[in-house]
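**Student:** My file is model.tsv. It has TSV, C-alpha atoms:
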```
chain	number	residue	atom	x	y	z
L	1	MET	CA	0.00	0.00	0.00
L	2	GLN	CA	1.65	3.20	-1.06
L	3	TYR	CA	0.61	6.58	-2.38
L	4	PRO	CA	2.36	8.37	-5.28
L	5	ALA	CA	5.75	9.80	-4.28
L	6	SER	CA	5.02	13.16	-5.87
L	7	ILE	CA	2.40	14.02	-3.25
L	8	ARG	CA	3.51	16.51	-0.58
L	9	ILE	CA	1.42	16.58	2.56
L	10	VAL	CA	0.66	19.88	4.28
L	11	ARG	CA	-0.97	19.23	7.62
L	12	ILE	CA	-3.62	21.60	8.92
L	13	PRO	CA	-5.46	21.14	12.21
L	14	CYS	CA	-8.87	20.85	10.50
L	15	THR	CA	-9.96	21.45	6.91
L	16	GLY	CA	-11.87	24.40	8.36
L	17	LYS	CA	-8.43	26.03	8.44
L	18	PHE	CA	-8.11	25.56	4.67
L	19	ASP	CA	-7.69	28.97	3.15
L	20	ILE	CA	-8.05	29.72	-0.57
L	21	THR	CA	-4.69	31.49	-0.27
L	22	TYR	CA	-3.07	28.07	0.41
L	23	ALA	CA	-4.39	26.66	-2.84
L	24	LEU	CA	-3.39	29.70	-4.88
L	25	ARG	CA	0.03	29.71	-3.20
L	26	ALA	CA	0.51	26.05	-4.12
L	27	PHE	CA	-0.31	26.74	-7.77
L	28	GLN	CA	1.87	29.84	-7.77
L	29	LYS	CA	4.77	27.73	-6.47
L	30	GLY	CA	4.23	25.27	-9.30
L	31	ALA	CA	2.01	22.50	-7.87
L	32	ASP	CA	0.07	20.66	-10.55
L	33	GLY	CA	-2.90	19.83	-8.36
L	34	VAL	CA	-4.21	20.25	-4.83
L	35	MET	CA	-6.28	17.72	-2.91
L	36	VAL	CA	-8.06	18.80	0.23
L	37	VAL	CA	-8.73	15.85	2.52
L	38	GLY	CA	-11.21	16.31	5.34
L	39	CYS	CA	-13.18	14.21	7.78
L	40	LYS	CA	-16.36	12.47	6.68
L	41	PRO	CA	-19.48	14.63	6.47
L	42	HIS	CA	-21.07	15.19	9.90
L	43	GLU	CA	-18.00	13.75	11.65
L	44	CYS	CA	-16.09	17.03	12.00
L	45	ALA	CA	-14.93	17.63	15.58
L	46	PHE	CA	-15.74	21.30	15.03
L	47	GLU	CA	-19.07	20.48	13.38
L	48	THR	CA	-18.72	22.41	10.12
L	49	GLY	CA	-14.98	22.50	9.32
L	50	ASN	CA	-15.17	20.06	6.43
L	51	PHE	CA	-18.29	21.69	4.95
L	52	ARG	CA	-16.62	25.07	5.11
L	53	ALA	CA	-13.64	23.63	3.26
L	54	GLU	CA	-15.94	22.09	0.66
L	55	GLU	CA	-17.54	25.48	-0.02
L	56	ARG	CA	-14.10	27.03	-0.36
L	57	VAL	CA	-12.88	24.30	-2.69
L	58	LYS	CA	-15.96	24.82	-4.89
L	59	LEU	CA	-15.25	28.54	-5.11
L	60	THR	CA	-11.54	27.91	-5.71
L	61	LYS	CA	-12.47	25.73	-8.68
L	62	GLU	CA	-14.33	28.65	-10.26
L	63	ILE	CA	-11.53	31.10	-9.51
L	64	LEU	CA	-8.97	28.75	-11.04
L	65	ASP	CA	-11.17	28.37	-14.12
L	66	GLU	CA	-11.33	32.14	-14.51
L	67	LEU	CA	-7.55	32.42	-14.06
L	68	GLY	CA	-6.96	29.85	-16.79
L	69	ILE	CA	-5.38	27.26	-14.50
L	70	GLY	CA	-8.41	24.97	-14.51
L	71	GLY	CA	-10.77	24.09	-11.69
L	72	ASP	CA	-10.18	20.36	-12.19
L	73	ARG	CA	-6.83	20.71	-10.51
L	74	ILE	CA	-8.31	21.01	-7.03
L	75	GLU	CA	-10.49	18.33	-5.47
L	76	MET	CA	-12.01	17.69	-2.05
L	77	PHE	CA	-12.09	14.21	-0.50
L	78	PHE	CA	-13.82	13.04	2.65
L	79	MET	CA	-12.47	10.20	4.79
L	80	SER	CA	-11.74	9.29	8.36
L	81	ALA	CA	-8.19	9.58	9.69
L	82	ALA	CA	-8.13	5.79	10.14
L	83	GLU	CA	-8.95	4.94	6.54
L	84	ALA	CA	-5.51	4.51	5.04
L	85	THR	CA	-6.76	2.49	2.07
L	86	LYS	CA	-9.25	5.19	1.19
L	87	PHE	CA	-6.50	7.82	1.31
L	88	VAL	CA	-4.29	5.76	-1.00
L	89	GLU	CA	-7.22	5.24	-3.33
L	90	ALA	CA	-8.05	8.97	-3.40
L	91	SER	CA	-4.38	9.88	-3.96
L	92	ASN	CA	-4.19	7.50	-6.89
L	93	ILE	CA	-7.40	8.89	-8.42
L	94	MET	CA	-6.06	12.44	-8.06
L	95	PHE	CA	-2.64	11.43	-9.37
L	96	GLU	CA	-4.13	9.84	-12.50
L	97	LYS	CA	-6.34	12.85	-13.09
L	98	ILE	CA	-3.48	15.34	-12.80
L	99	ASN	CA	-1.29	13.14	-14.97
L	100	LYS	CA	-3.91	13.39	-17.70
L	101	LEU	CA	-4.23	17.18	-17.28
L	102	GLY	CA	-0.48	17.64	-17.56
L	103	PRO	CA	1.71	20.21	-15.81
L	104	ASN	CA	0.44	23.40	-14.20
L	105	PRO	CA	-0.06	25.89	-17.07
L	106	LEU	CA	1.30	28.72	-14.90
L	107	LYS	CA	4.60	26.89	-14.51
L	108	ALA	CA	4.61	26.07	-18.21
L	109	SER	CA	4.01	29.73	-19.19
L	110	GLN	CA	6.82	30.94	-16.91
L	111	GLY	CA	9.23	28.31	-18.16
L	112	LYS	CA	9.47	29.60	-21.73
J	1	MET	CA	16.17	77.14	-1.18
J	2	ALA	CA	18.75	74.60	-0.19
J	3	ASP	CA	16.73	73.44	2.81
J	4	LYS	CA	13.70	72.56	0.78
J	5	VAL	CA	12.84	68.95	0.23
J	6	LYS	CA	13.14	68.06	-3.43
J	7	LEU	CA	10.00	66.27	-4.52
J	8	GLY	CA	9.37	64.37	-7.70
J	9	MET	CA	6.01	63.09	-8.85
J	10	ILE	CA	4.99	61.01	-11.82
J	11	GLN	CA	1.94	59.23	-13.07
J	12	LEU	CA	2.54	55.97	-14.93
J	13	CYS	CA	-0.32	53.54	-15.56
J	14	GLY	CA	-2.74	55.59	-13.49
J	15	CYS	CA	-5.24	58.38	-13.90
J	16	SER	CA	-3.55	61.32	-12.05
J	17	GLY	CA	-6.25	61.00	-9.40
J	18	CYS	CA	-3.66	60.70	-6.65
J	19	HIS	CA	-2.19	64.03	-7.74
J	20	MET	CA	-5.69	65.48	-7.53
J	21	SER	CA	-6.06	64.16	-4.00
J	22	LEU	CA	-2.91	66.08	-3.10
J	23	LEU	CA	-4.69	69.23	-4.27
J	24	ASP	CA	-7.61	68.23	-2.07
J	25	LEU	CA	-5.50	69.19	0.92
J	26	HIS	CA	-6.86	72.71	0.34
J	27	GLU	CA	-5.52	75.10	3.02
J	28	LYS	CA	-3.18	72.46	4.39
J	29	LEU	CA	-1.25	72.75	1.14
J	30	LEU	CA	-0.05	76.10	2.46
J	31	ASP	CA	1.72	74.31	5.32
J	32	VAL	CA	3.21	71.72	3.03
J	33	LEU	CA	4.14	73.59	-0.11
J	34	PRO	CA	6.65	76.16	1.28
J	35	ASN	CA	8.89	73.32	2.45
J	36	LEU	CA	8.84	71.55	-0.89
J	37	GLU	CA	10.44	72.11	-4.22
J	38	ILE	CA	8.78	70.13	-6.97
J	39	VAL	CA	11.72	69.37	-9.23
J	40	TYR	CA	9.99	66.85	-11.47
J	41	GLY	CA	6.32	66.37	-12.11
J	42	PRO	CA	4.96	66.16	-15.65
J	43	ILE	CA	1.51	67.08	-14.40
J	44	VAL	CA	2.58	70.48	-13.03
J	45	ALA	CA	5.82	71.38	-14.78
J	46	ASP	CA	7.44	70.62	-18.10
J	47	VAL	CA	10.74	69.04	-17.12
J	48	LYS	CA	12.17	66.65	-19.68
J	49	GLU	CA	14.86	64.93	-17.63
J	50	ILE	CA	14.60	63.52	-14.13
J	51	PRO	CA	17.15	65.57	-12.14
J	52	GLU	CA	19.69	63.97	-9.80
J	53	GLY	CA	19.43	64.00	-6.01
J	54	ILE	CA	15.68	63.91	-5.46
J	55	ASP	CA	14.70	63.45	-1.81
J	56	VAL	CA	11.21	62.03	-2.17
J	57	PHE	CA	9.62	60.58	-5.27
J	58	LEU	CA	5.92	59.78	-5.42
J	59	ILE	CA	5.12	57.21	-8.09
J	60	GLU	CA	1.51	56.96	-9.08
J	61	GLY	CA	0.31	54.10	-11.25
J	62	GLY	CA	1.54	50.65	-12.08
J	63	ILE	CA	4.03	49.61	-14.73
J	64	ARG	CA	2.40	48.74	-18.02
J	65	ASN	CA	5.05	49.31	-20.70
J	66	GLU	CA	8.80	49.33	-21.16
J	67	HIS	CA	8.99	53.09	-20.82
J	68	ASP	CA	7.27	52.94	-17.42
J	69	LYS	CA	9.77	50.30	-16.35
J	70	HIS	CA	12.71	52.36	-17.54
J	71	LEU	CA	11.42	55.46	-15.74
J	72	THR	CA	10.89	53.60	-12.45
J	73	GLU	CA	14.40	52.22	-12.56
J	74	GLU	CA	15.80	55.68	-13.31
J	75	ILE	CA	13.72	57.17	-10.48
J	76	ARG	CA	15.08	54.60	-8.03
J	77	GLU	CA	18.66	55.48	-8.98
J	78	LYS	CA	18.10	59.20	-8.60
J	79	SER	CA	15.93	59.40	-5.47
J	80	LYS	CA	16.50	58.73	-1.79
J	81	ILE	CA	12.93	57.73	-0.92
J	82	VAL	CA	10.49	56.21	-3.36
J	83	VAL	CA	6.82	55.99	-2.42
J	84	ALA	CA	4.32	53.74	-4.20
J	85	TRP	CA	1.52	56.24	-4.13
J	86	GLY	CA	-2.01	55.06	-4.59
J	87	THR	CA	-3.43	51.62	-5.21
J	88	CYS	CA	-2.26	51.38	-8.83
J	89	ALA	CA	1.36	51.78	-7.78
J	90	ALA	CA	0.91	49.52	-4.76
J	91	TYR	CA	-1.29	46.70	-6.10
J	92	GLY	CA	-2.04	47.42	-9.77
J	93	GLY	CA	-5.43	49.04	-9.31
J	94	ILE	CA	-8.15	49.11	-11.95
J	95	PRO	CA	-5.75	49.01	-14.97
J	96	ALA	CA	-4.47	45.66	-13.70
J	97	LEU	CA	-7.82	44.07	-14.52
J	98	GLY	CA	-6.35	44.06	-18.02
J	99	ASN	CA	-4.14	41.24	-16.75
J	100	LEU	CA	-7.14	38.97	-17.31
J	101	TYR	CA	-6.64	39.42	-21.08
J	102	SER	CA	-3.56	38.90	-23.18
J	103	THR	CA	-1.73	41.97	-24.45
J	104	LYS	CA	-2.61	40.93	-28.00
J	105	ASN	CA	-6.33	40.78	-27.20
J	106	LEU	CA	-6.20	44.17	-25.50
J	107	LEU	CA	-4.51	45.80	-28.50
J	108	ASN	CA	-6.96	44.15	-30.90
J	109	GLU	CA	-9.88	45.34	-28.82
J	110	ILE	CA	-8.71	48.92	-29.23
J	111	TYR	CA	-7.11	49.05	-32.66
J	112	ALA	CA	-8.76	46.29	-34.68
J	113	THR	CA	-12.42	47.15	-34.27
J	114	GLY	CA	-14.59	49.30	-36.49
J	115	SER	CA	-14.37	52.27	-34.16
J	116	VAL	CA	-11.03	53.43	-35.58
J	117	ASP	CA	-10.24	54.91	-39.01
J	118	ASN	CA	-7.52	52.40	-39.77
J	119	PRO	CA	-8.55	49.09	-38.27
J	120	ASP	CA	-5.98	46.28	-37.93
J	121	GLU	CA	-3.13	48.77	-37.81
J	122	ILE	CA	-1.58	48.38	-34.39
J	123	PRO	CA	0.89	51.21	-33.79
J	124	GLU	CA	4.37	49.81	-33.23
J	125	GLU	CA	6.77	52.57	-34.21
J	126	ASN	CA	7.83	55.20	-31.67
J	127	VAL	CA	5.59	53.78	-28.96
J	128	PRO	CA	6.91	51.83	-26.00
J	129	LYS	CA	6.19	48.11	-26.10
J	130	LEU	CA	3.63	46.81	-23.61
J	131	LEU	CA	4.83	44.38	-20.99
J	132	ASP	CA	2.98	41.09	-20.59
J	133	ARG	CA	0.94	42.51	-17.73
J	134	VAL	CA	0.62	45.40	-15.27
J	135	TYR	CA	3.22	45.23	-12.50
J	136	PRO	CA	3.05	46.99	-9.15
J	137	VAL	CA	6.01	49.31	-8.61
J	138	SER	CA	7.34	47.06	-5.84
J	139	HIS	CA	7.80	44.18	-8.30
J	140	ILE	CA	10.26	46.24	-10.36
J	141	ILE	CA	12.17	48.29	-7.79
J	142	LYS	CA	12.56	48.51	-4.02
J	143	VAL	CA	9.83	50.77	-2.62
J	144	ASP	CA	10.36	52.54	0.70
J	145	TYR	CA	6.76	53.32	1.57
J	146	THR	CA	3.39	52.30	0.24
J	147	VAL	CA	0.31	54.49	0.49
J	148	PRO	CA	-2.69	52.68	-0.97
J	149	GLY	CA	-6.04	54.22	-1.77
J	150	CYS	CA	-7.91	55.13	-4.91
J	151	PRO	CA	-7.06	57.87	-4.36
J	152	PRO	CA	-5.30	57.99	-0.96
J	153	LYS	CA	-7.17	60.22	1.43
J	154	PRO	CA	-5.73	63.76	1.46
J	155	GLU	CA	-4.99	63.34	5.19
J	156	HIS	CA	-2.79	60.36	4.39
J	157	ASN	CA	-0.92	62.36	1.78
J	158	ALA	CA	-0.47	65.17	4.28
J	159	SER	CA	0.78	62.96	7.09
J	160	LEU	CA	3.11	61.12	4.70
J	161	ILE	CA	4.64	64.32	3.38
J	162	MET	CA	4.79	65.98	6.80
J	163	ALA	CA	6.51	62.93	8.30
J	164	LEU	CA	9.02	62.80	5.46
J	165	LEU	CA	9.67	66.55	5.78
J	166	GLU	CA	10.45	66.12	9.45
J	167	GLY	CA	12.59	63.10	8.69
J	168	LYS	CA	10.33	60.82	10.72
J	169	GLU	CA	9.13	57.35	9.86
J	170	PRO	CA	5.68	57.74	8.30
J	171	ASN	CA	3.30	55.51	10.19
J	172	ILE	CA	-0.04	56.40	8.76
J	173	LEU	CA	-1.81	53.23	7.77
J	174	PRO	CA	-4.05	51.25	10.07
J	175	THR	CA	-3.43	47.49	9.97
J	176	LYS	CA	-7.04	46.49	10.58
J	177	ILE	CA	-9.80	45.76	8.09
J	178	LEU	CA	-12.44	48.17	6.95
J	179	CYS	CA	-15.25	46.46	8.95
J	180	ASP	CA	-13.35	47.64	12.00
J	181	GLU	CA	-14.19	51.26	11.30
J	182	CYS	CA	-17.49	50.69	9.48
J	183	PRO	CA	-20.39	51.97	11.60
J	184	ARG	CA	-22.90	49.39	10.35
J	185	LYS	CA	-24.39	46.76	12.64
J	186	LYS	CA	-23.24	43.18	12.13
J	187	LYS	CA	-25.12	40.07	13.15
J	188	GLY	CA	-22.46	37.55	12.16
J	189	ILE	CA	-24.53	35.81	9.50
J	190	HIS	CA	-23.89	35.05	5.84
J	191	PRO	CA	-26.38	36.11	3.14
J	192	LYS	CA	-28.28	33.43	1.22
J	193	GLU	CA	-28.26	35.42	-1.99
J	194	LEU	CA	-25.96	38.03	-3.42
J	195	LYS	CA	-27.28	41.13	-5.10
J	196	ARG	CA	-25.88	43.63	-7.56
J	197	THR	CA	-25.40	47.15	-6.23
J	198	PHE	CA	-28.38	48.51	-8.16
J	199	GLU	CA	-30.84	45.89	-6.91
J	200	GLY	CA	-33.09	47.16	-4.15
J	201	ILE	CA	-32.25	49.85	-1.61
J	202	PRO	CA	-29.96	48.71	1.20
J	203	ASP	CA	-30.90	49.25	4.83
J	204	LYS	CA	-28.93	52.17	6.24
J	205	GLU	CA	-28.03	50.52	9.54
J	206	LEU	CA	-27.19	46.90	8.78
J	207	CYS	CA	-23.99	45.41	7.36
J	208	LEU	CA	-24.08	45.54	3.56
J	209	TYR	CA	-22.53	42.09	3.12
J	210	GLU	CA	-25.12	40.54	5.43
J	211	GLN	CA	-27.82	42.19	3.31
J	212	GLY	CA	-26.40	40.42	0.28
J	213	TYR	CA	-24.34	43.17	-1.33
J	214	THR	CA	-20.84	42.34	-2.50
J	215	CYS	CA	-19.00	44.47	0.04
J	216	LEU	CA	-15.27	43.70	0.24
J	217	GLY	CA	-14.69	45.44	3.57
J	218	MET	CA	-13.71	42.20	5.29
J	219	ALA	CA	-10.53	41.93	3.25
J	220	THR	CA	-9.69	45.59	2.76
J	221	ARG	CA	-7.37	47.78	4.79
J	222	ALA	CA	-9.03	50.39	6.96
J	223	GLY	CA	-8.02	54.01	6.64
J	224	CYS	CA	-10.65	55.57	4.42
J	225	GLY	CA	-13.11	55.93	7.30
J	226	ALA	CA	-15.59	53.60	5.56
J	227	MET	CA	-16.55	56.34	3.14
J	228	CYS	CA	-18.46	54.11	0.72
J	229	PRO	CA	-20.39	51.93	3.23
J	230	SER	CA	-21.47	55.08	5.11
J	231	VAL	CA	-23.38	56.18	2.01
J	232	ASN	CA	-24.91	52.78	1.16
J	233	VAL	CA	-22.27	51.83	-1.37
J	234	PRO	CA	-20.50	48.48	-0.82
J	235	CYS	CA	-16.72	48.63	-0.36
J	236	ARG	CA	-14.87	47.77	-3.56
J	237	GLY	CA	-11.56	47.12	-1.86
J	238	CYS	CA	-9.56	50.11	-3.08
J	239	TYR	CA	-7.25	50.24	-0.04
J	240	GLY	CA	-5.92	46.79	-0.93
J	241	LYS	CA	-5.01	43.96	1.38
J	242	THR	CA	-4.02	44.21	5.03
J	243	ASP	CA	-0.52	43.22	6.16
J	244	ALA	CA	-1.86	39.95	7.58
J	245	VAL	CA	-2.79	38.36	4.24
J	246	LEU	CA	-0.92	37.52	1.06
J	247	ASP	CA	-3.71	37.97	-1.39
J	248	GLN	CA	-6.74	40.23	-1.13
J	249	GLY	CA	-8.90	38.27	-3.56
J	250	ALA	CA	-8.39	35.00	-1.71
J	251	ALA	CA	-9.26	36.69	1.57
J	252	VAL	CA	-12.53	37.96	0.06
J	253	ALA	CA	-13.22	34.57	-1.49
J	254	ASN	CA	-12.78	32.84	1.88
J	255	ALA	CA	-15.52	34.98	3.35
J	256	PHE	CA	-17.80	34.81	0.32
J	257	ALA	CA	-17.45	31.01	0.06
J	258	SER	CA	-19.64	30.78	3.16
J	259	THR	CA	-22.61	32.00	1.15
J	260	GLY	CA	-22.59	28.60	-0.59
J	261	ASP	CA	-24.19	28.54	-4.00
J	262	ALA	CA	-24.87	32.28	-4.05
J	263	VAL	CA	-21.23	33.14	-4.73
J	264	LEU	CA	-20.91	30.42	-7.37
J	265	LYS	CA	-23.64	32.15	-9.38
J	266	LEU	CA	-21.74	35.45	-9.58
J	267	SER	CA	-20.22	36.26	-12.92
J	268	ASP	CA	-16.62	37.50	-13.13
J	269	LYS	CA	-15.58	36.45	-9.63
J	270	VAL	CA	-11.92	37.26	-10.17
J	271	GLY	CA	-12.82	40.73	-11.41
J	272	LEU	CA	-14.86	41.32	-8.26
J	273	PHE	CA	-12.46	39.85	-5.69
J	274	TYR	CA	-9.33	41.36	-7.24
J	275	ARG	CA	-10.84	44.58	-8.51
J	276	PHE	CA	-7.96	46.69	-7.21
J	277	SER	CA	-5.24	44.13	-6.52
J	278	MET	CA	-4.91	41.90	-9.57
J	279	ALA	CA	-1.29	42.82	-10.26
J	280	ASP	CA	-0.20	41.92	-6.73
J	281	ALA	CA	-2.20	38.68	-6.53
J	282	LEU	CA	-0.51	35.31	-6.09
J	283	ILE	CA	-1.55	34.43	-9.64
J	284	PRO	CA	-1.41	37.92	-11.15
J	285	LYS	CA	-2.69	37.26	-14.66
J	286	LYS	CA	-4.83	34.92	-16.62
J	287	VAL	CA	-2.69	32.01	-17.72
J	288	GLU	CA	-2.88	31.55	-21.48
J	289	LYS	CA	-3.15	28.01	-22.71
J	290	LYS	CA	-0.03	27.07	-24.59
J	291	LYS	CA	-0.54	26.23	-28.22
```
Could you rewrite the structure in this file as structure tokens?

**Tutor:**
Amino acid sequence: MQYPASIRIVRIPCTGKFDITYALRAFQKGADGVMVVGCKPHECAFETGNFRAEERVKLTKEILDELGIGGDRIEMFFMSAAEATKFVEASNIMFEKINKLGPNPLKASQGK
Amino acid sequence: MADKVKLGMIQLCGCSGCHMSLLDLHEKLLDVLPNLEIVYGPIVADVKEIPEGIDVFLIEGGIRNEHDKHLTEEIREKSKIVVAWGTCAAYGGIPALGNLYSTKNLLNEIYATGSVDNPDEIPEENVPKLLDRVYPVSHIIKVDYTVPGCPPKPEHNASLIMALLEGKEPNILPTKILCDECPRKKKGIHPKELKRTFEGIPDKELCLYEQGYTCLGMATRAGCGAMCPSVNVPCRGCYGKTDAVLDQGAAVANAFASTGDAVLKLSDKVGLFYRFSMADALIPKKVEKKK
């Protein structure tokens, strides 16, 4: 059981801490995709942290579309902290998807 | 004459509005002007060359073309203190919304439509080449002070210039957000629907955002005295971000995301969230798909 080596984990205390700045910063620094992984719906210790993150991810998708980076590059997943298999599965799905989309267009446009 | 502070002023990719706000000092100008010698300022005097040894240089407007870039670099070499004056110089301002279009599209929009006598002729000779986007002054040179505002309030101009005249550190900008000085009552709720400014008449007492208007006060630096919200106009974010955040648009988006589907229905989200700060955003232009 292993997840793709190109994934870098940024730990935040709760997905309620997820800030759209983090996603934009990641893309600015050259990340090809961002996955936000929160607790299962209705299992948030702070009640609405994961829903708040979901709303923010939805809006980030639209912002990324308008900026020409593509909203498909950010995705939200829900799972419990104990579900390692589910995390590996989600990472692989995200990895495949980003692989198909290719590199971050911002990085590509700066590279030339 | 020798004791006077040598002041330079220039407007680059801006509208000269910041210069106008200096005039809005009215009688206070009489305190300020005798201590100044304006040695360069295309708006008030016809000086062709930027003289050496300028004490304070106020740059208004962002950097749009190669000539702007050249001038800013020359200004930095010849002046002791450079101030990014106004939101355009600090964060790009309204002209930076052009960053959402490619330079080619922008030129075509102006020169290749039927509204000109010679369509499809884009002037190239004797005009400076456009850069790929609008840059804030701080991206090109080191800036000593930043005074945002569209335009900066005359009091801010006065306290900046007075402080610099006295050789003190100007400390004029509040670090809090606009809501902090907005007199409206807040309930701590999020609106279910968002409205355009012309839809309905807002209540005079309650928070404009909570009434569903796209007020950007929660991500905008205080300092203007909540001029717009006091007269029922939602804040558009002209004072730019606070020191605590990296990106004004993202800070607005974080708050607006809590309205759920309402914000997703808005058109031109980037244009709303980054109205005055596109050039200084984390992703400062629309990324063109490579061919």

**Student:** Find, counting all atoms listed in the file, the residue in J:Lys28, J:Lys265, J:Lys241, J:His190 that gets nearest to J:Lys176.

**Tutor:**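 Of the candidates, the smallest distance to J:Lys176 is held by J:Lys241.
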
**Student:** Out of L:Glu47, L:Val88, L:Leu59, L:Glu83, which residue has the shortest atom-to-atom distance to chain J when counting only C-alpha atoms?

**Tutor:**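 That would be L:Leu59, the residue with the smallest distance to chain J.
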
**Student:** With a cut-off of 10 Å, could you pull out the residues of chain L touching chain J and give me the nearest pair of atoms for each, distance in Å to one decimal, using only C-alpha atoms, ordered by chain and ascending number, as a tab-separated table?

**Tutor:**
```
residue	atom	partner	partner_atom	distance
L:Phe18	CA	J:Asn254	CA	9.1
L:Asp19	CA	J:Asn254	CA	6.5
L:Ile20	CA	J:Ala250	CA	5.4
L:Thr21	CA	J:Ala250	CA	5.3
L:Tyr22	CA	J:Ala250	CA	9.0
L:Ala23	CA	J:Ala250	CA	9.3
L:Leu24	CA	J:Leu282	CA	6.4
L:Arg25	CA	J:Leu282	CA	6.3
L:Ala26	CA	J:Leu282	CA	9.5
L:Phe27	CA	J:Ile283	CA	8.0
L:Gln28	CA	J:Ile283	CA	6.0
L:Lys29	CA	J:Leu282	CA	9.2
L:Phe51	CA	J:Ser258	CA	9.4
L:Arg52	CA	J:Ser258	CA	6.7
L:Ala53	CA	J:Ala257	CA	8.9
L:Glu54	CA	J:Ala257	CA	9.1
L:Glu55	CA	J:Ala257	CA	5.5
L:Arg56	CA	J:Ala257	CA	5.2
L:Val57	CA	J:Ala257	CA	8.6
L:Lys58	CA	J:Leu264	CA	7.9
L:Leu59	CA	J:Ala257	CA	6.1
L:Thr60	CA	J:Ala253	CA	8.1
L:Lys61	CA	J:Leu264	CA	9.7
L:Glu62	CA	J:Leu264	CA	7.4
L:Ile63	CA	J:Val270	CA	6.2
L:Leu64	CA	J:Val270	CA	9.0
L:Asp65	CA	J:Lys286	CA	9.5
L:Glu66	CA	J:Val270	CA	6.7
L:Leu67	CA	J:Lys286	CA	4.5
L:Gly68	CA	J:Val287	CA	4.9
L:Ile69	CA	J:Val287	CA	6.3
L:Gly70	CA	J:Val287	CA	9.6
L:Asn104	CA	J:Val287	CA	9.8
L:Pro105	CA	J:Val287	CA	6.7
L:Leu106	CA	J:Val287	CA	5.9
L:Lys107	CA	J:Val287	CA	9.5
L:Ala108	CA	J:Lys290	CA	8.0
L:Ser109	CA	J:Val287	CA	7.2
L:Gln110	CA	J:Val287	CA	9.6
```

**Student:** Excluding J:Met9 and any residue of its chain fewer than 6 positions from it, enumerate the residues within 10 Å of it, using all atoms listed in the file, and give them as a list in words.

**Tutor:** His19, Ile38, Val39, Tyr40, Gly41, Pro42, Ile43, Val44, Val56, Phe57, Leu58, Ile59, Glu60, Ile75, Val82, Val83 and Trp85 of chain J

**Student:** Take the selection from the previous step and output its residues with C-alpha atoms, as an mmCIF file, in the coordinates of the input.

**Tutor:**
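Below is the file out-v3.cif, written as the result:
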```
data_model
loop_
_atom_site.group_PDB
_atom_site.id
_atom_site.type_symbol
_atom_site.label_atom_id
_atom_site.label_comp_id
_atom_site.auth_asym_id
_atom_site.auth_seq_id
_atom_site.Cartn_x
_atom_site.Cartn_y
_atom_site.Cartn_z
ATOM 1 C CA HIS J 19 -2.190 64.030 -7.740
ATOM 2 C CA ILE J 38 8.780 70.130 -6.970
ATOM 3 C CA VAL J 39 11.720 69.370 -9.230
ATOM 4 C CA TYR J 40 9.990 66.850 -11.470
ATOM 5 C CA GLY J 41 6.320 66.370 -12.110
ATOM 6 C CA PRO J 42 4.960 66.160 -15.650
ATOM 7 C CA ILE J 43 1.510 67.080 -14.400
ATOM 8 C CA VAL J 44 2.580 70.480 -13.030
ATOM 9 C CA VAL J 56 11.210 62.030 -2.170
ATOM 10 C CA PHE J 57 9.620 60.580 -5.270
ATOM 11 C CA LEU J 58 5.920 59.780 -5.420
ATOM 12 C CA ILE J 59 5.120 57.210 -8.090
ATOM 13 C CA GLU J 60 1.510 56.960 -9.080
ATOM 14 C CA ILE J 75 13.720 57.170 -10.480
ATOM 15 C CA VAL J 82 10.490 56.210 -3.360
ATOM 16 C CA VAL J 83 6.820 55.990 -2.420
ATOM 17 C CA TRP J 85 1.520 56.240 -4.130
#
```

**Student:** Between atom CA of J:Gln211 and atom CA of J:Ile189, what is the distance, to one decimal in Å?

**Tutor:**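 Atom-to-atom, atom CA of J:Gln211 to atom CA of J:Ile189, that is 9.5 Å.
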
**Student:** Report, in Å to a single decimal, how far apart atom CA of J:Val47 and atom CA of J:Glu77 are.

**Tutor:** 17.7 Å

**Student:** I'd like the contact shell of stretch 123-128 of chain J - 10 Å cut-off, all atoms listed in the file, skipping same-chain residues fewer than 2 positions apart - returned as a ChimeraX atom specification.

**Tutor:** /J:64-68,107,111,120-121,130-131

**Student:** Work out how far apart atom CA of J:His156 and atom CA of J:Glu73 are and give it in Å to one decimal.

**Tutor:**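 Pair atom CA of J:His156 / atom CA of J:Glu73 returns 25.5 Å.
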
**Student:** Please list as a PDB file with C-alpha atoms, keeping the file's coordinate frame every residue within 7 Å of L:Ile74, counting all atoms listed in the file and excluding residues in the same chain fewer than 3 positions away.

**Tutor:**
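Output contents, as saved in part.pdb:
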```pdb
ATOM      1  CA  GLY L  33      -2.900  19.830  -8.360  1.00  0.00           C
ATOM      2  CA  VAL L  34      -4.210  20.250  -4.830  1.00  0.00           C
ATOM      3  CA  MET L  35      -6.280  17.720  -2.910  1.00  0.00           C
ATOM      4  CA  LYS L  61     -12.470  25.730  -8.680  1.00  0.00           C
ATOM      5  CA  GLY L  71     -10.770  24.090 -11.690  1.00  0.00           C
TER       6      GLY L  71
END
```

**Student:** Using all atoms listed in the file for the distances, tell me which of L:His42, L:Val36, L:Met76, L:Met1 is nearest to L:Glu89.

**Tutor:**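 Among L:His42, L:Val36, L:Met76, L:Met1, it is L:Met1 that comes nearest to L:Glu89.
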